[in-house]
Each structure stands twice: as structure tokens, then as C-alpha cells.
>>> print(open('final-v5.txt').read())   # compact mmCIF, C-alpha atoms
# COMPACT_ATOMS: atom_id res chain seq x y z
CA MET A 1 122.18 -155.52 159.08
CA ARG A 2 125.87 -154.85 158.65
CA ILE A 3 126.54 -158.59 158.56
CA LEU A 4 124.02 -159.04 155.74
CA SER A 5 125.52 -156.21 153.70
CA GLN A 6 129.03 -157.60 154.16
CA ALA A 7 127.85 -161.04 153.12
CA ALA A 8 126.23 -159.59 150.02
CA ILE A 9 129.53 -157.99 149.04
CA PHE A 10 131.19 -161.42 148.91
CA ILE A 11 128.25 -163.37 147.44
CA LEU A 12 127.16 -161.03 144.62
CA PRO A 13 130.48 -161.05 142.70
CA SER A 14 130.39 -164.85 142.60
CA LEU A 15 126.82 -164.81 141.26
CA LEU A 16 127.35 -162.18 138.53
CA PRO A 17 129.22 -164.45 136.08
CA SER A 18 126.53 -167.12 136.25
CA LEU A 19 123.79 -164.52 135.81
CA ALA A 20 125.53 -163.06 132.78
CA ALA A 21 126.03 -166.48 131.23
CA GLY A 22 122.43 -167.45 131.84
CA SER A 23 120.88 -164.28 130.40
CA GLY A 24 123.18 -163.53 127.48
CA PHE A 25 123.94 -164.71 123.97
CA ASP A 26 127.51 -163.82 123.01
CA CYS A 27 127.39 -163.87 119.21
CA LYS A 28 131.12 -163.09 119.02
CA HIS A 29 132.25 -166.20 120.91
CA ILE A 30 130.15 -169.19 119.87
CA VAL A 31 131.62 -172.66 120.33
CA VAL A 32 129.63 -175.68 119.14
CA ASP A 33 131.14 -179.16 118.92
CA GLY A 34 134.61 -177.66 119.32
CA ILE A 35 134.16 -175.26 116.37
CA LYS A 36 134.25 -171.51 116.91
CA PHE A 37 131.88 -169.10 115.20
CA ASP A 38 131.76 -165.32 115.21
CA LEU A 39 128.46 -163.73 114.18
CA SER A 40 129.27 -160.27 115.52
CA ARG A 41 129.47 -158.87 111.96
CA LEU A 42 125.73 -159.49 111.72
CA GLY A 43 125.08 -157.35 114.79
CA GLY A 44 123.30 -154.03 114.74
CA VAL A 45 119.64 -153.24 114.25
CA HIS A 46 118.13 -154.79 111.11
CA GLU A 47 114.56 -155.12 109.97
CA LEU A 48 112.49 -156.98 107.43
CA TYR A 49 108.78 -157.02 106.80
CA HIS A 50 106.14 -159.46 105.65
CA VAL A 51 102.69 -158.81 104.22
CA GLU A 52 99.73 -161.14 104.63
CA THR A 53 96.53 -160.57 102.68
CA ASN A 54 93.22 -162.15 103.60
CA GLU A 55 89.55 -161.46 102.93
CA ASP A 56 89.20 -158.97 105.76
CA ALA A 57 92.46 -157.05 105.96
CA VAL A 58 95.99 -156.52 104.78
CA VAL A 59 98.44 -157.21 107.60
CA ASN A 60 101.95 -155.76 107.43
CA THR A 61 104.39 -156.98 110.08
CA THR A 62 107.80 -155.39 110.50
CA TYR A 63 110.35 -157.48 112.39
CA VAL A 64 113.13 -155.48 114.08
CA MET A 65 116.10 -157.42 115.42
CA ASN A 66 119.57 -157.20 116.88
CA ILE A 67 120.94 -160.66 117.58
CA CYS A 68 124.04 -159.37 119.39
CA ASN A 69 122.46 -156.81 121.69
CA ILE A 70 119.14 -155.57 123.00
CA LEU A 71 117.12 -153.17 120.87
CA LYS A 72 116.98 -150.32 123.40
CA GLY A 73 115.42 -147.31 121.66
CA ASP A 74 114.80 -149.24 118.45
CA ALA A 75 112.09 -151.18 120.28
CA HIS A 76 109.85 -148.14 119.83
CA ARG A 77 107.98 -147.38 116.60
CA GLY A 78 105.79 -144.33 117.05
CA ASP A 79 103.34 -145.10 119.84
CA LEU A 80 104.21 -148.80 119.82
CA SER A 81 106.75 -150.43 122.10
CA CYS A 82 107.63 -154.03 122.91
CA GLY A 83 110.30 -153.54 125.59
CA THR A 84 113.84 -152.20 125.29
CA SER A 85 115.41 -155.38 126.69
CA LYS A 86 114.34 -157.48 123.70
CA ASN A 87 116.43 -158.70 120.79
CA ILE A 88 113.59 -159.25 118.32
CA CYS A 89 110.28 -157.40 118.16
CA GLY A 90 107.33 -157.46 115.80
CA PHE A 91 105.24 -154.42 114.82
CA ARG A 92 101.97 -155.38 113.18
CA HIS A 93 99.68 -153.04 111.21
CA ALA A 94 96.33 -154.41 110.05
CA THR A 95 94.29 -152.37 107.56
CA ALA A 96 90.70 -153.40 106.83
CA ARG A 97 89.74 -153.89 103.20
CA ASP A 98 86.11 -152.78 103.40
CA GLU A 99 86.62 -149.95 105.90
CA LYS A 100 89.21 -147.26 106.49
CA GLU A 101 90.10 -148.67 109.87
CA SER A 102 93.48 -149.93 110.99
CA GLU A 103 94.93 -151.54 114.06
CA SER A 104 98.54 -151.52 115.19
CA TYR A 105 100.28 -153.33 118.00
CA ALA A 106 103.74 -154.54 118.99
CA PHE A 107 104.82 -157.85 120.46
CA PRO A 108 108.20 -159.10 121.73
CA ILE A 109 109.58 -162.28 120.19
CA ALA A 110 112.94 -162.92 121.85
CA GLY A 111 115.03 -161.32 124.55
CA LEU A 112 115.30 -160.72 128.26
CA ASP A 113 112.30 -160.20 130.48
CA PRO A 114 111.36 -156.63 131.49
CA LEU A 115 114.09 -154.82 133.43
CA GLY A 116 116.64 -157.31 132.15
CA HIS A 117 115.68 -160.24 134.38
CA GLY A 118 115.26 -163.83 133.28
CA SER A 119 116.82 -165.56 130.30
CA LYS A 120 116.19 -165.89 126.58
CA ASP A 121 117.37 -169.51 126.80
CA PRO A 122 119.59 -169.66 123.70
CA GLU A 123 119.78 -173.06 122.02
CA ILE A 124 122.48 -173.54 119.37
CA THR A 125 122.76 -176.56 117.09
CA ARG A 126 124.98 -177.22 114.09
CA LEU A 127 123.07 -177.86 110.87
CA LYS A 128 125.43 -180.75 110.15
CA LYS A 129 123.70 -182.68 112.92
CA LEU A 130 120.39 -182.30 111.10
CA ASP A 131 121.82 -182.76 107.61
CA ALA A 132 125.35 -184.06 107.03
CA GLU A 133 125.70 -182.05 103.79
CA ARG A 134 124.87 -178.65 105.30
CA GLN A 135 126.98 -176.19 107.26
CA GLY A 136 125.69 -173.53 109.61
CA LEU A 137 123.95 -172.95 112.91
CA LEU A 138 120.40 -173.25 114.14
CA VAL A 139 119.83 -170.70 116.92
CA LYS A 140 116.70 -170.53 119.02
CA LEU A 141 116.02 -167.47 121.17
CA SER A 142 113.02 -167.22 123.49
CA GLY A 143 111.59 -164.70 125.89
CA GLY A 144 108.61 -163.02 124.18
CA GLU A 145 104.84 -163.26 124.13
CA TYR A 146 102.07 -162.82 121.58
CA LEU A 147 98.42 -161.91 122.15
CA GLU A 148 96.10 -163.97 120.00
CA ASP A 149 93.34 -161.99 118.36
CA HIS A 150 90.61 -164.61 118.52
CA GLU A 151 91.22 -165.82 122.08
CA LYS A 152 92.81 -162.70 123.61
CA LYS A 153 95.24 -165.04 125.29
CA LYS A 154 98.98 -164.56 125.57
CA LYS A 155 101.23 -167.20 124.06
CA ASP A 156 104.98 -167.61 124.39
CA THR A 157 107.06 -166.62 121.38
CA ALA A 158 110.53 -167.55 120.16
CA ALA A 159 112.75 -167.04 117.14
CA LEU A 160 114.33 -169.90 115.23
CA ILE A 161 117.12 -168.51 113.04
CA GLU A 162 118.91 -170.80 110.60
CA PHE A 163 122.32 -169.35 109.80
CA GLN A 164 123.24 -171.03 106.52
CA CYS A 165 126.81 -171.21 105.23
CA ASP A 166 127.23 -169.20 102.02
CA PRO A 167 130.85 -168.18 101.25
CA ASP A 168 129.68 -165.56 98.74
CA LYS A 169 127.44 -163.63 101.15
CA SER A 170 128.35 -161.46 104.12
CA GLY A 171 124.80 -161.67 105.46
CA LEU A 172 124.10 -157.94 105.15
CA GLU A 173 122.91 -157.93 101.53
CA GLY A 174 119.58 -156.16 101.17
CA LEU A 175 119.20 -155.35 104.87
CA GLU A 176 118.04 -151.91 105.93
CA ASP A 177 119.84 -150.09 108.71
CA SER A 178 118.09 -148.22 111.51
CA GLU A 179 118.74 -144.83 109.89
CA THR A 180 116.44 -145.58 106.95
CA SER A 181 113.86 -147.68 108.79
CA ASP A 182 111.40 -144.82 109.34
CA ALA A 183 111.45 -143.79 105.70
CA ALA A 184 111.07 -147.42 104.63
CA ALA A 185 108.12 -147.86 106.98
CA ASN A 186 106.37 -144.83 105.52
CA ARG A 187 106.91 -146.16 102.00
CA ARG A 188 105.43 -149.52 102.94
CA ARG A 189 102.37 -147.93 104.50
CA SER A 190 101.79 -146.05 101.26
CA GLN A 191 102.11 -149.27 99.28
CA LEU A 192 99.70 -151.07 101.62
CA GLU A 193 97.12 -148.30 101.33
CA ALA A 194 97.36 -148.51 97.54
CA THR A 195 97.01 -152.29 97.70
CA SER A 196 93.94 -152.09 99.95
CA ASP A 197 92.26 -149.55 97.64
CA ASP A 198 92.92 -151.61 94.53
CA ASN A 199 92.79 -155.39 94.82
CA THR A 200 93.45 -156.08 91.16
CA GLY A 201 97.22 -156.34 91.60
CA ASP A 202 97.99 -153.53 89.16
CA ASP A 203 100.31 -151.86 91.68
CA LYS A 204 102.76 -154.70 91.56
CA ASP A 205 104.80 -153.09 88.84
CA GLY A 206 104.92 -149.86 90.79
CA ASP A 207 106.26 -151.66 93.83
CA ASP A 208 108.97 -153.31 91.79
CA LYS A 209 110.23 -149.93 90.66
CA ASP A 210 111.35 -149.18 94.19
CA GLY A 211 113.26 -152.43 94.47
CA ASP A 212 112.97 -156.17 94.16
CA ASP A 213 110.35 -156.51 96.92
CA HIS A 214 107.42 -158.76 96.06
CA ASP A 215 103.83 -158.24 97.16
CA ASP A 216 104.46 -160.18 100.37
CA GLY A 217 107.57 -158.14 101.23
CA SER A 218 110.05 -160.85 100.26
CA ASN A 219 113.23 -160.12 98.35
CA PRO A 220 115.17 -163.05 96.81
CA SER A 221 118.44 -161.07 96.82
CA ARG A 222 118.27 -160.43 100.56
CA SER A 223 120.45 -162.60 102.78
CA LEU A 224 117.90 -162.60 105.58
CA GLN A 225 114.63 -164.26 104.61
CA PHE A 226 111.31 -164.56 106.43
CA LYS A 227 109.97 -168.12 106.48
CA SER A 228 106.97 -168.20 108.80
CA PHE A 229 105.40 -167.05 112.02
CA LYS A 230 102.98 -169.61 113.35
CA LEU A 231 101.90 -171.55 116.41
CA VAL A 232 103.98 -174.66 117.10
CA ASP A 233 103.36 -176.68 120.27
CA ASP A 234 101.63 -173.79 122.08
CA THR A 235 104.45 -171.36 121.15
CA TYR A 236 104.54 -168.90 118.29
CA ILE A 237 107.77 -169.46 116.35
CA LEU A 238 109.34 -166.90 114.02
CA ARG A 239 111.46 -168.79 111.49
CA LEU A 240 114.19 -166.95 109.60
CA ASP A 241 116.88 -168.06 107.16
CA TRP A 242 120.12 -166.07 107.17
CA LYS A 243 122.78 -166.83 104.56
CA THR A 244 126.26 -165.71 105.57
CA ARG A 245 129.90 -166.76 105.29
CA TYR A 246 130.28 -166.36 109.05
CA ALA A 247 128.24 -169.55 109.58
CA CYS A 248 130.76 -171.71 107.69
CA ASP A 249 132.66 -174.18 109.86
CA ASP A 250 136.11 -173.25 108.55
CA TYR A 251 135.64 -169.49 108.09
CA LEU A 252 137.57 -168.37 111.19
CA LYS A 253 140.35 -170.90 110.54
CA ASN A 254 140.83 -169.85 106.91
CA ARG A 255 140.68 -166.17 107.77
CA LYS A 256 143.43 -166.64 110.36
CA ASP A 257 145.61 -168.61 107.94
CA ASP A 258 145.11 -166.12 105.10
CA SER A 259 145.80 -163.09 107.25
CA PRO A 260 149.16 -161.40 106.56
CA SER A 261 149.65 -160.86 110.28
CA GLY A 262 149.43 -164.62 110.80
CA HIS A 263 152.52 -165.20 108.59
CA TRP A 264 154.60 -162.12 109.41
CA GLY A 265 153.79 -161.68 113.10
CA PHE A 266 156.75 -163.74 114.33
CA PHE A 267 159.25 -162.05 112.01
CA THR A 268 157.92 -158.62 112.92
CA TRP A 269 158.48 -159.27 116.61
CA LEU A 270 161.91 -160.77 115.85
CA ILE A 271 162.99 -157.63 113.99
CA ILE A 272 161.68 -155.41 116.79
CA ILE A 273 163.56 -157.41 119.44
CA LEU A 274 166.81 -157.34 117.44
CA PHE A 275 166.48 -153.58 116.93
CA LEU A 276 165.89 -152.97 120.64
CA CYS A 277 168.84 -155.19 121.62
CA THR A 278 171.15 -153.39 119.17
CA ALA A 279 170.01 -149.98 120.38
CA ALA A 280 170.49 -150.99 124.03
CA TYR A 281 173.99 -152.33 123.27
CA LEU A 282 175.06 -149.11 121.47
CA ILE A 283 173.62 -146.84 124.15
CA PHE A 284 175.13 -148.78 127.04
CA GLY A 285 178.50 -149.13 125.27
CA SER A 286 178.64 -145.41 124.47
CA TRP A 287 177.81 -144.52 128.06
CA LEU A 288 180.50 -146.90 129.32
CA ASN A 289 183.18 -145.50 126.97
CA TYR A 290 182.30 -141.93 127.93
CA ASN A 291 182.47 -142.50 131.69
CA ARG A 292 185.44 -144.87 131.73
CA TYR A 293 187.69 -143.48 128.98
CA GLY A 294 186.23 -140.02 128.34
CA ALA A 295 185.74 -140.89 124.67
CA ARG A 296 184.22 -138.46 122.18
CA GLY A 297 182.72 -138.73 118.69
CA TRP A 298 183.21 -142.08 116.95
CA ASP A 299 185.21 -143.33 119.90
CA LEU A 300 182.00 -143.36 121.95
CA LEU A 301 180.58 -146.25 119.94
CA PRO A 302 181.66 -149.74 120.98
CA HIS A 303 183.89 -151.25 118.29
CA GLY A 304 184.01 -147.84 116.63
CA ASP A 305 186.98 -148.79 114.43
CA THR A 306 185.07 -151.74 113.03
CA ILE A 307 181.97 -149.61 112.36
CA ARG A 308 184.07 -147.04 110.50
CA ASP A 309 185.59 -149.78 108.37
CA ILE A 310 182.21 -151.33 107.43
CA PRO A 311 182.01 -149.53 104.02
CA TYR A 312 185.51 -150.75 103.07
CA ILE A 313 184.85 -154.24 104.37
CA PHE A 314 181.65 -154.38 102.35
CA GLN A 315 183.47 -153.11 99.23
CA ASP A 316 186.15 -155.80 99.56
CA TRP A 317 183.48 -158.46 100.04
CA ILE A 318 181.67 -157.36 96.86
CA ARG A 319 184.95 -157.45 94.91
CA ARG A 320 185.68 -161.00 96.10
CA VAL A 321 182.21 -162.16 95.12
CA ILE A 322 182.61 -160.71 91.64
CA ASN A 323 186.01 -162.32 91.21
CA THR A 324 184.65 -165.66 92.38
CA VAL A 325 181.77 -165.52 89.91
CA GLN A 326 183.91 -164.42 86.95
CA GLY A 327 186.78 -166.79 87.63
CA PRO A 328 190.53 -166.24 87.06
CA GLY A 329 190.18 -165.86 83.26
CA SER A 330 191.99 -167.59 80.37
CA ARG A 331 195.12 -165.40 80.36
CA GLY A 332 197.64 -166.41 82.96
CA GLY A 333 200.43 -163.77 82.44
CA TYR A 334 202.02 -161.11 80.19
CA SER A 335 202.22 -161.79 76.48
CA ALA A 336 205.26 -160.90 74.36
CA VAL A 337 205.15 -157.66 72.37
>>> encode(input="final-v5.txt", output="C-alpha cells")
Amino acid sequence: MRILSQAAIFILPSLLPSLAAGSGFDCKHIVVDGIKFDLSRLGGVHELYHVETNEDAVVNTTYVMNICNILKGDAHRGDLSCGTSKNICGFRHATARDEKESESYAFPIAGLDPLGHGSKDPEITRLKKLDAERQGLLVKLSGGEYLEDHEKKKKDTAALIEFQCDPDKSGLEGLEDSETSDAAANRRRSQLEATSDDNTGDDKDGDDKDGDDHDDGSNPSRSLQFKSFKLVDDTYILRLDWKTRYACDDYLKNRKDDSPSGHWGFFTWLIIILFLCTAAYLIFGSWLNYNRYGARGWDLLPHGDTIRDIPYIFQDWIRRVINTVQGPGSRGGYSAV
């Protein structure tokens, strides 16, 4: 038993790096085709919603996501939960049109398996490979499941996020943070109830007063856009478009070149080193003069006479410069009176 425990001590540390690499998606350090990307500015909990209307019900689905970390407590919405180890979750509320009945359920879309095991199998592709005129990244994250209503059968789910290069957008335009998500959810429920009671579309103007949201929950000014959630090859795929400057190929390079610290870093260190060397020379020289010659005052400083004469030396140097610039003048001696 002791042998097994000692062996585990040596084996586990070697396995941890591979486990972390297999189960994680480091959005801060992304390297594709030799180009580095940093999507960490898009981290944090964000949400967007989509409304589908059919003959039987109005279905409102809220997608909660954090591409850089797991959702933790944000994976819970009231009585609904899809697992705290997920990165993307969907919360669906279906309200019947002919009856006052509603159904709500949650489903994970991407992330680790329960208790943090398994992998979300990230797949990253540059958009330039798909279209030579486009810049950005295509990221696929797996690890969820969806229960079909008609078959009551679980299907795998995944998220396909297309990070599109847009130098004018940070990627956070129009996104709601987690602090306002509950209030936003309550407002949407009120809008859905009004829509289900009145199918004439007269409430559209009222919805637009609260923002630019359309009847389906879309917002053209928002950087993150919902595209679809449908079954593709026996897997439900959530497709999202995310416009951001952080997906541009040359963003990190230009930011480094334009940074003031990139130009002045060397000179700053040079000044610091010269200052430290000068201070060390003065301190050591003063200590040496005190112990060897018993010097006091200005005599402590090495080359004290020269330091005292600096103002006069500088004054003479200024006078010579002025004389050189002005020249000797046109008069070469005394004139007769």
C-alpha cells in the first residue's frame, strides 16, 4: 500500500499538465498557424436570448456563456441548473398560446463533464483557411447534451463560435453582464406574456422602447449574434457570430508596437541602471574617503573639487558656445577718439 502511494506521488504530477491541456481552453494564449490571439477581454459571464414563435407556443431561450471559464453559480437560473462545470448553458421557457401553461428546462451546450472530468474538445480554425479575405477564428466547444421533446432522447451538443475581425468593435457592445441578467430575464418574461396574449404584433413598438431588440430577441448593434441552434449530423450545434478586434491577425502585434512601454522600455532601464551605478559610486567613494582620510563635508565625495566647480565649468562652457555662435565681430580693436 505504501509502495502504491509513493508511486502515485511521482506519477500524478507528470499527468496533471496533460490533463489540464486536454480539458481546458486557454482563451488568453491561443496560437493558430503561428499567430497569437488573446480573447481574454471577452471573458466573464454574458448572455443573449432568442425567441421562437410557432403555432403552439412561444419559446424563449436564454444562452449564458463564459468562454474563458466555467459558469459556476451562473449555471443556475431559479430552479433550473445545467451544471457548474459548463461554459455555455441554455435555459428554455416555453409558454403555450392557447393555455396558460409553461415549461422550463436547462441544457448544457459546452464545457467539462460533471465534476470537471472529460474534455470539451476545443477545435480552433482560422477563418482565412475557409475564406482568404476574412480574418478571425472559428472555435468549436463540445461537452453538452440536449433532450429532444418529440423523442425524449438525449443528443450531444456543441457551440460553434465565429470570432470575426472588426477593428471598430471590442466585442462587448450590447452584452449584458451577470448583475443585470435577472432583471433582464424578468423583463423578457413580461414581454413574452404580452406577446402570447396578443398575437397581432402591436407590442412591437413597446418592445423597441426598451432597446433595439427585435421580436426574436436579436439586436443588430450587439457584437455577439445568435445564428441558429439545430441538429447537424446527430449533434445539436449552437452557432454564434462574435465581432471583435481581438480576432484580428495583427491586433497583438500592433498593440505591442504602439505601446509607449515598447519604445521607452530600454531607455527607462538604461536610466535606472546609470542612476544606480552613480549612486553606488558616490556612496562607496564617500565611505572610502571617510575611513581612509577621515574626510568631512564636501571632501567625502569622490572628486569633490570637480563637483564644486561644476557650476563654473558649465558657465564657462555656455559663454564659449555663445561666443562661437556670435563670432568675433566686425571691430578688431580700439578706434581713435
>>> atom_distance(input="final-v5.txt", atom1="CA of Thr306 in chain A", atom2="CA of Gln326 in chain A")
29.0 Å
>>> residues_around(input="final-v5.txt", residues="range 251-256 of chain A", least_positions_apart="3", cutoff="12 Å", atoms="all atoms listed in the file", output="short mmCIF file (atom, residue, chain, number, x, y, z; two decimals) with C-alpha atoms, in the coordinates of the input")
data_model
loop_
_atom_site.label_atom_id
_atom_site.label_comp_id
_atom_site.auth_asym_id
_atom_site.auth_seq_id
_atom_site.Cartn_x
_atom_site.Cartn_y
_atom_site.Cartn_z
CA LYS A 28 131.12 -163.09 119.02
CA HIS A 29 132.25 -166.20 120.91
CA ILE A 30 130.15 -169.19 119.87
CA VAL A 31 131.62 -172.66 120.33
CA ILE A 35 134.16 -175.26 116.37
CA LYS A 36 134.25 -171.51 116.91
CA PHE A 37 131.88 -169.10 115.20
CA ASP A 38 131.76 -165.32 115.21
CA LEU A 39 128.46 -163.73 114.18
CA GLN A 135 126.98 -176.19 107.26
CA GLY A 136 125.69 -173.53 109.61
CA CYS A 165 126.81 -171.21 105.23
CA ASP A 166 127.23 -169.20 102.02
CA PRO A 167 130.85 -168.18 101.25
CA ASP A 168 129.68 -165.56 98.74
CA SER A 170 128.35 -161.46 104.12
CA THR A 244 126.26 -165.71 105.57
CA ARG A 245 129.90 -166.76 105.29
CA TYR A 246 130.28 -166.36 109.05
CA ALA A 247 128.24 -169.55 109.58
CA CYS A 248 130.76 -171.71 107.69
CA SER A 259 145.80 -163.09 107.25
CA PRO A 260 149.16 -161.40 106.56
CA SER A 261 149.65 -160.86 110.28
CA GLY A 262 149.43 -164.62 110.80
CA HIS A 263 152.52 -165.20 108.59
CA GLY A 265 153.79 -161.68 113.10
#
>>> atom_distance(input="final-v5.txt", atom1="CA of Gly73 in chain A", atom2="CA of His93 in chain A")
19.7 Å
>>> atom_distance(input="final-v5.txt", atom1="CA of Lys72 in chain A", atom2="CA of Lys140 in chain A")
20.7 Å
>>> axis_aligned_box(input="final-v5.txt", around="range 133-145 of chain A", padding_each_side="8 Å", output="JSON")
{"center_x": 115.9, "center_y": -172.5, "center_z": 114.8, "size_x": 38.1, "size_y": 35.0, "size_z": 38.1}
>>> closest_residue(input="final-v5.txt", among="A:Arg292, A:Lys129, A:Lys243, A:Lys86", to="Gly144 in chain A", atoms="all atoms listed in the file")
A:Lys86
>>> residues_around(input="final-v5.txt", residues="range 50-52 of chain A", least_positions_apart="5", cutoff="8 Å", atoms="all atoms listed in the file", output="JSON, numbers by chain")
{"A": [58, 59, 60, 61, 62, 215, 216, 217, 218, 226]}
>>> residues_around(input="final-v5.txt", residues="Tyr63 in chain A", least_positions_apart="3", cutoff="6 Å", atoms="only C-alpha atoms", output="list in words")
Glu47, Leu48, Tyr49, Cys89 and Gly90 of chain A
>>> closest_residue(input="final-v5.txt", among="A:Leu276, A:Ile322, A:Ile161, A:Leu288", to="Gln225 in chain A", atoms="all atoms listed in the file")
A:Ile161
>>> residues_around(input="final-v5.txt", residues="Glu101 in chain A", least_positions_apart="6", cutoff="10 Å", atoms="all atoms listed in the file", output="PyMOL selection string")
chain A and resi 57+94-95
>>> write_last_selection(input="final-v5.txt", atoms="C-alpha atoms", output="PDB file, keeping the file's coordinate frame")
ATOM      1  CA  ALA A  57      92.460-157.050 105.960  1.00  0.00           C
ATOM      2  CA  ALA A  94      96.330-154.410 110.050  1.00  0.00           C
ATOM      3  CA  THR A  95      94.290-152.370 107.560  1.00  0.00           C
TER       4      THR A  95
END
>>> closest_residue(input="final-v5.txt", among="A:Ser104, A:Asn87, A:Thr268, A:Ser286", to="Leu300 in chain A", atoms="only C-alpha atoms")
A:Ser286
>>> closest_residue(input="final-v5.txt", among="A:Glu55, A:Asp309, A:Asp234, A:Asp74", to="Lys154 in chain A", atoms="only C-alpha atoms")
A:Asp234
>>> residues_around(input="final-v5.txt", residues="range 145-147 of chain A", least_positions_apart="4", cutoff="7 Å", atoms="only C-alpha atoms", output="PDB file with C-alpha atoms, in the coordinates of the input")
ATOM      1  CA  PHE A 107     104.820-157.850 120.460  1.00  0.00           C
ATOM      2  CA  PRO A 108     108.200-159.100 121.730  1.00  0.00           C
ATOM      3  CA  ILE A 109     109.580-162.280 120.190  1.00  0.00           C
ATOM      4  CA  LYS A 152      92.810-162.700 123.610  1.00  0.00           C
ATOM      5  CA  LYS A 153      95.240-165.040 125.290  1.00  0.00           C
ATOM      6  CA  LYS A 154      98.980-164.560 125.570  1.00  0.00           C
ATOM      7  CA  LYS A 155     101.230-167.200 124.060  1.00  0.00           C
ATOM      8  CA  ASP A 156     104.980-167.610 124.390  1.00  0.00           C
ATOM      9  CA  THR A 157     107.060-166.620 121.380  1.00  0.00           C
TER      10      THR A 157
END
